[in-house]
Amino acid sequence: MAEADSSDRIARARRLLAHADSVAVLTGAGISAESGVPTFRGSGGLWSRQRMEDVATPAGFARDPVKVWRFHNELRIELERIAPNAAHLALARLERAVLGRGGRFALATQNIDGLHQAAGSRGVLELHGSLTAVRCTGCDYREDVGFRPLGPRPTCPDCGKWLRPDVVWFGETLGPDVWAAAVRAARSCQVFLSVGTSALVYPAAGLIEIALSEGPGRGRRHLETSAGTIEVNLEPTPASGKVDVALHGRAGHILPQIVA
Ligand code: BJW
Ligand code: ZN
């Protein structure tokens, strides 16, 4: 992308966000990359260290819960030491600005790292759960344990069965309430912003399609109007050709500019 082209796009995204009364945001692992959290896919991603089938599926957990806990405990140790970056902070600022002018704001994240909340975002919709929460495989017990060390064989204080990370693995359904809230936001927003996601994992990636077909992307004839869809990612994704404004670069560099 030529420099002038890129600054035009940034200006357009900034205009959209500066005036929107209703903003919905979807984030993925890329937004936390500059905080030092590894992404899932790509070289150096978590799935290059571990097979996804082994550590992020119910079958993997049934086969070898100790291995799954080792993987998640390592992540918990990494996460305890990291902090939100300029991109998380920009989204928290955007939320305050939109709510401050009486508008609506929703932030749905696929991330389990809690960095949006640490940056000051409120009402975050955690589509894939949270790494600080555990739940029992045998009863209704659930607890936010923070970063307390858990060991490789955590069991339920109520019934003695295995605890598991309260995250959403492949083949599992998302929490119906957070999912319904995210769909409502994607449908009803004026500006939809997707940040740092490969847009490959469903149903979360479907929010972009919902925004395109039922939300601000509807009709795609907004060229200089106040509604639109924006994507920020280091690289092109399956959504890049469909959104109104695709910005390629680091979220920590681009978001502070479009939220200025
Ligand atoms: C930067 C950057 C920087 C880097 N700045 N950008 C066939 C077709 C369609 C769907 C399916 C299918 N077969 C199966 C499915 C369903 C499946 C699915 O979507 N699979 C696809 C992979 C094909 N989905 C599910 O199973 C979901 N549940 C479901 O569908 O329920 C209904 C159902 C029930 C029963 C049977 C069938 C269906 C659940 C999905 C759960 C995902 N869970 C994980 C792991 C949780 C945590 C853990 O335990 O470790 O969630 S997987 C992993 O991927 C994690 C993430 O949240 C998720 C998304 O990844 P994300 O965030 O996009 O990260 P990356 O790494 O992919 O991309 C990072 C991006 O950042 C890249 O684009 C970089 O360029 C960019 N980037 N640095 C800006 N500085
Ligand atoms: Zn229990």
# chains A, B, ... in the order shown; residues from 1 in each chain; ligands from 1

call {"tool": "residues_near_ligand", "arguments": {"ligand": "ligand 1", "cutoff": "7 Å", "atoms": "only C-alpha atoms and all ligand atoms", "output": "ChimeraX atom specification"}}
result
/A:27-31,33-34,39-42,45,55-56,72,110-112,128,167-174,195-203,232-235,237,249-252

call {"tool": "write_last_selection", "arguments": {"atoms": "N, CA and C atoms", "output": "tab-separated table (two decimals), in the first residue's frame"}}
result
chain	number	residue	atom	x	y	z
A	27	THR	N	-12.01	-8.35	18.47
A	27	THR	CA	-10.54	-8.46	18.52
A	27	THR	C	-10.10	-9.92	18.57
A	28	GLY	N	-8.84	-10.13	18.13
A	28	GLY	CA	-8.23	-11.45	18.19
A	28	GLY	C	-6.81	-11.35	18.72
A	29	ALA	N	-6.11	-12.46	18.66
A	29	ALA	CA	-4.80	-12.56	19.30
A	29	ALA	C	-3.81	-11.48	18.84
A	30	GLY	N	-3.95	-11.00	17.60
A	30	GLY	CA	-3.01	-10.01	17.08
A	30	GLY	C	-2.97	-8.73	17.88
A	31	ILE	N	-4.08	-8.40	18.55
A	31	ILE	CA	-4.07	-7.14	19.31
A	31	ILE	C	-3.17	-7.26	20.54
A	33	ALA	N	-0.40	-9.19	20.52
A	33	ALA	CA	0.95	-9.62	20.11
A	33	ALA	C	2.01	-8.63	20.59
A	34	GLU	N	1.71	-7.34	20.51
A	34	GLU	CA	2.71	-6.34	20.92
A	34	GLU	C	2.86	-6.25	22.44
A	39	THR	N	0.46	-15.29	19.22
A	39	THR	CA	-0.80	-15.58	18.51
A	39	THR	C	-0.94	-17.09	18.39
A	40	PHE	N	-2.03	-17.54	17.77
A	40	PHE	CA	-2.24	-18.99	17.67
A	40	PHE	C	-1.62	-19.56	16.41
A	41	ARG	N	-1.93	-18.89	15.27
A	41	ARG	CA	-1.48	-19.43	13.99
A	41	ARG	C	-0.22	-18.73	13.52
A	42	GLY	N	0.41	-19.30	12.47
A	42	GLY	CA	1.60	-18.66	11.91
A	42	GLY	C	2.86	-19.11	12.62
A	45	GLY	N	3.60	-19.09	16.43
A	45	GLY	CA	2.30	-19.13	17.11
A	45	GLY	C	2.21	-20.33	18.04
A	55	VAL	N	-4.38	-29.72	22.72
A	55	VAL	CA	-4.52	-28.79	23.85
A	55	VAL	C	-5.73	-27.86	23.78
A	56	ALA	N	-6.48	-27.91	22.68
A	56	ALA	CA	-7.63	-26.99	22.58
A	56	ALA	C	-8.87	-27.70	22.08
A	72	HIS	N	-1.87	-24.68	29.50
A	72	HIS	CA	-2.61	-23.50	29.96
A	72	HIS	C	-1.91	-22.83	31.15
A	110	GLN	N	-12.03	-12.47	21.16
A	110	GLN	CA	-11.78	-13.92	21.16
A	110	GLN	C	-10.67	-14.24	22.15
A	111	ASN	N	-10.03	-13.22	22.68
A	111	ASN	CA	-8.86	-13.44	23.53
A	111	ASN	C	-9.27	-13.85	24.93
A	112	ILE	N	-8.38	-14.61	25.57
A	112	ILE	CA	-8.66	-15.12	26.91
A	112	ILE	C	-7.70	-14.49	27.91
A	128	HIS	N	-14.48	-16.47	23.93
A	128	HIS	CA	-13.81	-17.77	24.14
A	128	HIS	C	-13.41	-17.99	25.59
A	167	VAL	N	-12.45	-21.94	29.20
A	167	VAL	CA	-12.27	-21.38	27.86
A	167	VAL	C	-13.07	-22.24	26.88
A	168	VAL	N	-13.25	-21.72	25.67
A	168	VAL	CA	-14.03	-22.46	24.67
A	168	VAL	C	-13.07	-23.16	23.71
A	169	TRP	N	-13.14	-24.48	23.68
A	169	TRP	CA	-12.30	-25.26	22.78
A	169	TRP	C	-13.06	-25.58	21.51
A	170	PHE	N	-12.33	-26.09	20.50
A	170	PHE	CA	-12.97	-26.45	19.23
A	170	PHE	C	-14.07	-27.49	19.47
A	171	GLY	N	-15.20	-27.29	18.80
A	171	GLY	CA	-16.32	-28.21	18.93
A	171	GLY	C	-17.24	-27.84	20.08
A	172	GLU	N	-16.85	-26.84	20.88
A	172	GLU	CA	-17.71	-26.42	22.00
A	172	GLU	C	-18.46	-25.14	21.60
A	173	THR	N	-19.63	-24.98	22.20
A	173	THR	CA	-20.42	-23.79	21.85
A	173	THR	C	-20.00	-22.61	22.73
A	174	LEU	N	-20.21	-21.42	22.19
A	174	LEU	CA	-19.89	-20.20	22.94
A	174	LEU	C	-21.02	-19.94	23.94
A	195	VAL	N	-10.03	-6.25	14.68
A	195	VAL	CA	-8.60	-5.99	14.93
A	195	VAL	C	-7.85	-7.27	15.27
A	196	GLY	N	-6.80	-7.57	14.51
A	196	GLY	CA	-5.86	-8.63	14.91
A	196	GLY	C	-6.44	-10.02	14.97
A	197	THR	N	-7.38	-10.31	14.07
A	197	THR	CA	-7.86	-11.70	14.01
A	197	THR	C	-7.69	-12.24	12.60
A	198	SER	N	-7.32	-13.54	12.52
A	198	SER	CA	-7.15	-14.16	11.21
A	198	SER	C	-8.50	-14.38	10.54
A	199	ALA	N	-9.59	-14.17	11.27
A	199	ALA	CA	-10.96	-14.31	10.73
A	199	ALA	C	-11.19	-15.71	10.17
A	200	LEU	N	-10.60	-16.71	10.83
A	200	LEU	CA	-10.73	-18.09	10.36
A	200	LEU	C	-11.60	-18.93	11.28
A	201	VAL	N	-11.73	-18.52	12.54
A	201	VAL	CA	-12.42	-19.36	13.52
A	201	VAL	C	-13.86	-18.86	13.69
A	202	TYR	N	-14.77	-19.80	13.48
A	202	TYR	CA	-16.20	-19.49	13.59
A	202	TYR	C	-16.74	-20.01	14.92
A	203	PRO	N	-17.80	-19.45	15.47
A	203	PRO	CA	-18.63	-18.44	14.85
A	203	PRO	C	-18.12	-16.99	14.97
A	232	VAL	N	-8.18	-3.95	10.93
A	232	VAL	CA	-6.77	-3.64	11.20
A	232	VAL	C	-6.06	-4.96	11.42
A	233	ASN	N	-5.06	-5.26	10.61
A	233	ASN	CA	-4.32	-6.52	10.74
A	233	ASN	C	-2.96	-6.34	10.08
A	234	LEU	N	-1.98	-7.06	10.60
A	234	LEU	CA	-0.65	-7.04	9.98
A	234	LEU	C	-0.71	-7.47	8.53
A	235	GLU	N	-1.59	-8.45	8.26
A	235	GLU	CA	-1.64	-9.06	6.93
A	235	GLU	C	-3.08	-9.12	6.43
A	237	THR	N	-6.55	-10.73	5.37
A	237	THR	CA	-7.29	-11.89	5.87
A	237	THR	C	-8.46	-12.13	4.89
A	249	GLY	N	-1.05	-3.22	9.16
A	249	GLY	CA	0.07	-2.76	9.98
A	249	GLY	C	-0.17	-3.21	11.41
A	250	ARG	N	0.68	-2.76	12.31
A	250	ARG	CA	0.57	-3.15	13.71
A	250	ARG	C	-0.61	-2.43	14.37
A	251	ALA	N	-1.40	-3.19	15.11
A	251	ALA	CA	-2.55	-2.59	15.79
A	251	ALA	C	-2.09	-1.48	16.74
A	252	GLY	N	-0.94	-1.69	17.41
A	252	GLY	CA	-0.44	-0.71	18.37
A	252	GLY	C	0.01	0.59	17.71

call {"tool": "select_by_dssp", "arguments": {"residues": "range 69-173 of chain A", "states": "strand (DSSP E)", "output": "number ranges by chain"}}
result
A: 104-109, 125-126, 129-136, 142-144, 163-167

call {"tool": "residues_around", "arguments": {"residues": "Phe105 in chain A", "least_positions_apart": "6", "cutoff": "9 Å", "atoms": "only C-alpha atoms", "output": "ChimeraX atom specification"}}
result
/A:21-25,94-96,98-99,185,189

call {"tool": "residues_near_ligand", "arguments": {"ligand": "ligand 2", "cutoff": "9 Å", "atoms": "only C-alpha atoms and all ligand atoms", "output": "PDB file with N, CA and C atoms, in the first residue's frame"}}
result
ATOM      1  N   ARG A 135     -13.547 -24.148  35.619  1.00  0.00           N
ATOM      2  CA  ARG A 135     -14.849 -24.731  35.947  1.00  0.00           C
ATOM      3  C   ARG A 135     -14.701 -26.239  36.078  1.00  0.00           C
ATOM      4  N   CYS A 136     -15.665 -26.815  36.787  1.00  0.00           N
ATOM      5  CA  CYS A 136     -15.585 -28.237  37.088  1.00  0.00           C
ATOM      6  C   CYS A 136     -16.174 -29.054  35.941  1.00  0.00           C
ATOM      7  N   THR A 137     -15.572 -30.209  35.692  1.00  0.00           N
ATOM      8  CA  THR A 137     -16.077 -31.102  34.638  1.00  0.00           C
ATOM      9  C   THR A 137     -17.215 -31.985  35.176  1.00  0.00           C
ATOM     10  N   GLY A 138     -17.458 -31.901  36.524  1.00  0.00           N
ATOM     11  CA  GLY A 138     -18.479 -32.788  37.094  1.00  0.00           C
ATOM     12  C   GLY A 138     -19.655 -32.077  37.719  1.00  0.00           C
ATOM     13  N   CYS A 139     -19.493 -30.796  38.082  1.00  0.00           N
ATOM     14  CA  CYS A 139     -20.605 -30.075  38.717  1.00  0.00           C
ATOM     15  C   CYS A 139     -20.594 -28.614  38.250  1.00  0.00           C
ATOM     16  N   ASP A 140     -21.378 -27.759  38.910  1.00  0.00           N
ATOM     17  CA  ASP A 140     -21.526 -26.369  38.440  1.00  0.00           C
ATOM     18  C   ASP A 140     -20.439 -25.429  38.967  1.00  0.00           C
ATOM     19  N   TYR A 141     -19.483 -25.956  39.711  1.00  0.00           N
ATOM     20  CA  TYR A 141     -18.461 -25.099  40.321  1.00  0.00           C
ATOM     21  C   TYR A 141     -17.701 -24.312  39.252  1.00  0.00           C
ATOM     22  N   ARG A 142     -17.564 -23.007  39.510  1.00  0.00           N
ATOM     23  CA  ARG A 142     -16.789 -22.132  38.617  1.00  0.00           C
ATOM     24  C   ARG A 142     -16.150 -21.074  39.489  1.00  0.00           C
ATOM     25  N   THR A 155      -8.251 -30.096  40.971  1.00  0.00           N
ATOM     26  CA  THR A 155      -9.542 -30.783  41.119  1.00  0.00           C
ATOM     27  C   THR A 155     -10.539 -29.884  41.857  1.00  0.00           C
ATOM     28  N   CYS A 156     -11.793 -30.232  41.723  1.00  0.00           N
ATOM     29  CA  CYS A 156     -12.902 -29.416  42.236  1.00  0.00           C
ATOM     30  C   CYS A 156     -12.984 -29.520  43.767  1.00  0.00           C
ATOM     31  N   PRO A 157     -13.066 -28.367  44.472  1.00  0.00           N
ATOM     32  CA  PRO A 157     -13.193 -28.432  45.929  1.00  0.00           C
ATOM     33  C   PRO A 157     -14.552 -28.984  46.360  1.00  0.00           C
ATOM     34  N   ASP A 158     -15.549 -28.977  45.473  1.00  0.00           N
ATOM     35  CA  ASP A 158     -16.880 -29.463  45.848  1.00  0.00           C
ATOM     36  C   ASP A 158     -17.063 -30.956  45.588  1.00  0.00           C
ATOM     37  N   CYS A 159     -16.608 -31.420  44.409  1.00  0.00           N
ATOM     38  CA  CYS A 159     -16.927 -32.820  44.067  1.00  0.00           C
ATOM     39  C   CYS A 159     -15.688 -33.669  43.765  1.00  0.00           C
ATOM     40  N   GLY A 160     -14.516 -33.036  43.706  1.00  0.00           N
ATOM     41  CA  GLY A 160     -13.275 -33.814  43.518  1.00  0.00           C
ATOM     42  C   GLY A 160     -12.956 -34.176  42.081  1.00  0.00           C
ATOM     43  N   LYS A 161     -13.857 -33.833  41.120  1.00  0.00           N
ATOM     44  CA  LYS A 161     -13.555 -34.143  39.708  1.00  0.00           C
ATOM     45  C   LYS A 161     -12.558 -33.119  39.145  1.00  0.00           C
ATOM     46  N   TRP A 162     -12.093 -33.391  37.928  1.00  0.00           N
ATOM     47  CA  TRP A 162     -11.133 -32.485  37.282  1.00  0.00           C
ATOM     48  C   TRP A 162     -11.723 -31.081  37.102  1.00  0.00           C
ATOM     49  N   LEU A 163     -10.919 -30.066  37.406  1.00  0.00           N
ATOM     50  CA  LEU A 163     -11.235 -28.717  36.938  1.00  0.00           C
ATOM     51  C   LEU A 163     -10.649 -28.572  35.548  1.00  0.00           C
TER      52      LEU A 163
END

call {"tool": "select_by_dssp", "arguments": {"residues": "range 47-167 of chain A", "states": "alpha helix (DSSP H)", "output": "PyMOL selection string"}}
result
chain A and resi 47-49+52-55+58-63+65-80+86-100+115-119

call {"tool": "atom_distance", "arguments": {"atom1": "CA of Leu91 in chain A", "atom2": "CA of Ala106 in chain A"}}
result
10.3 Å
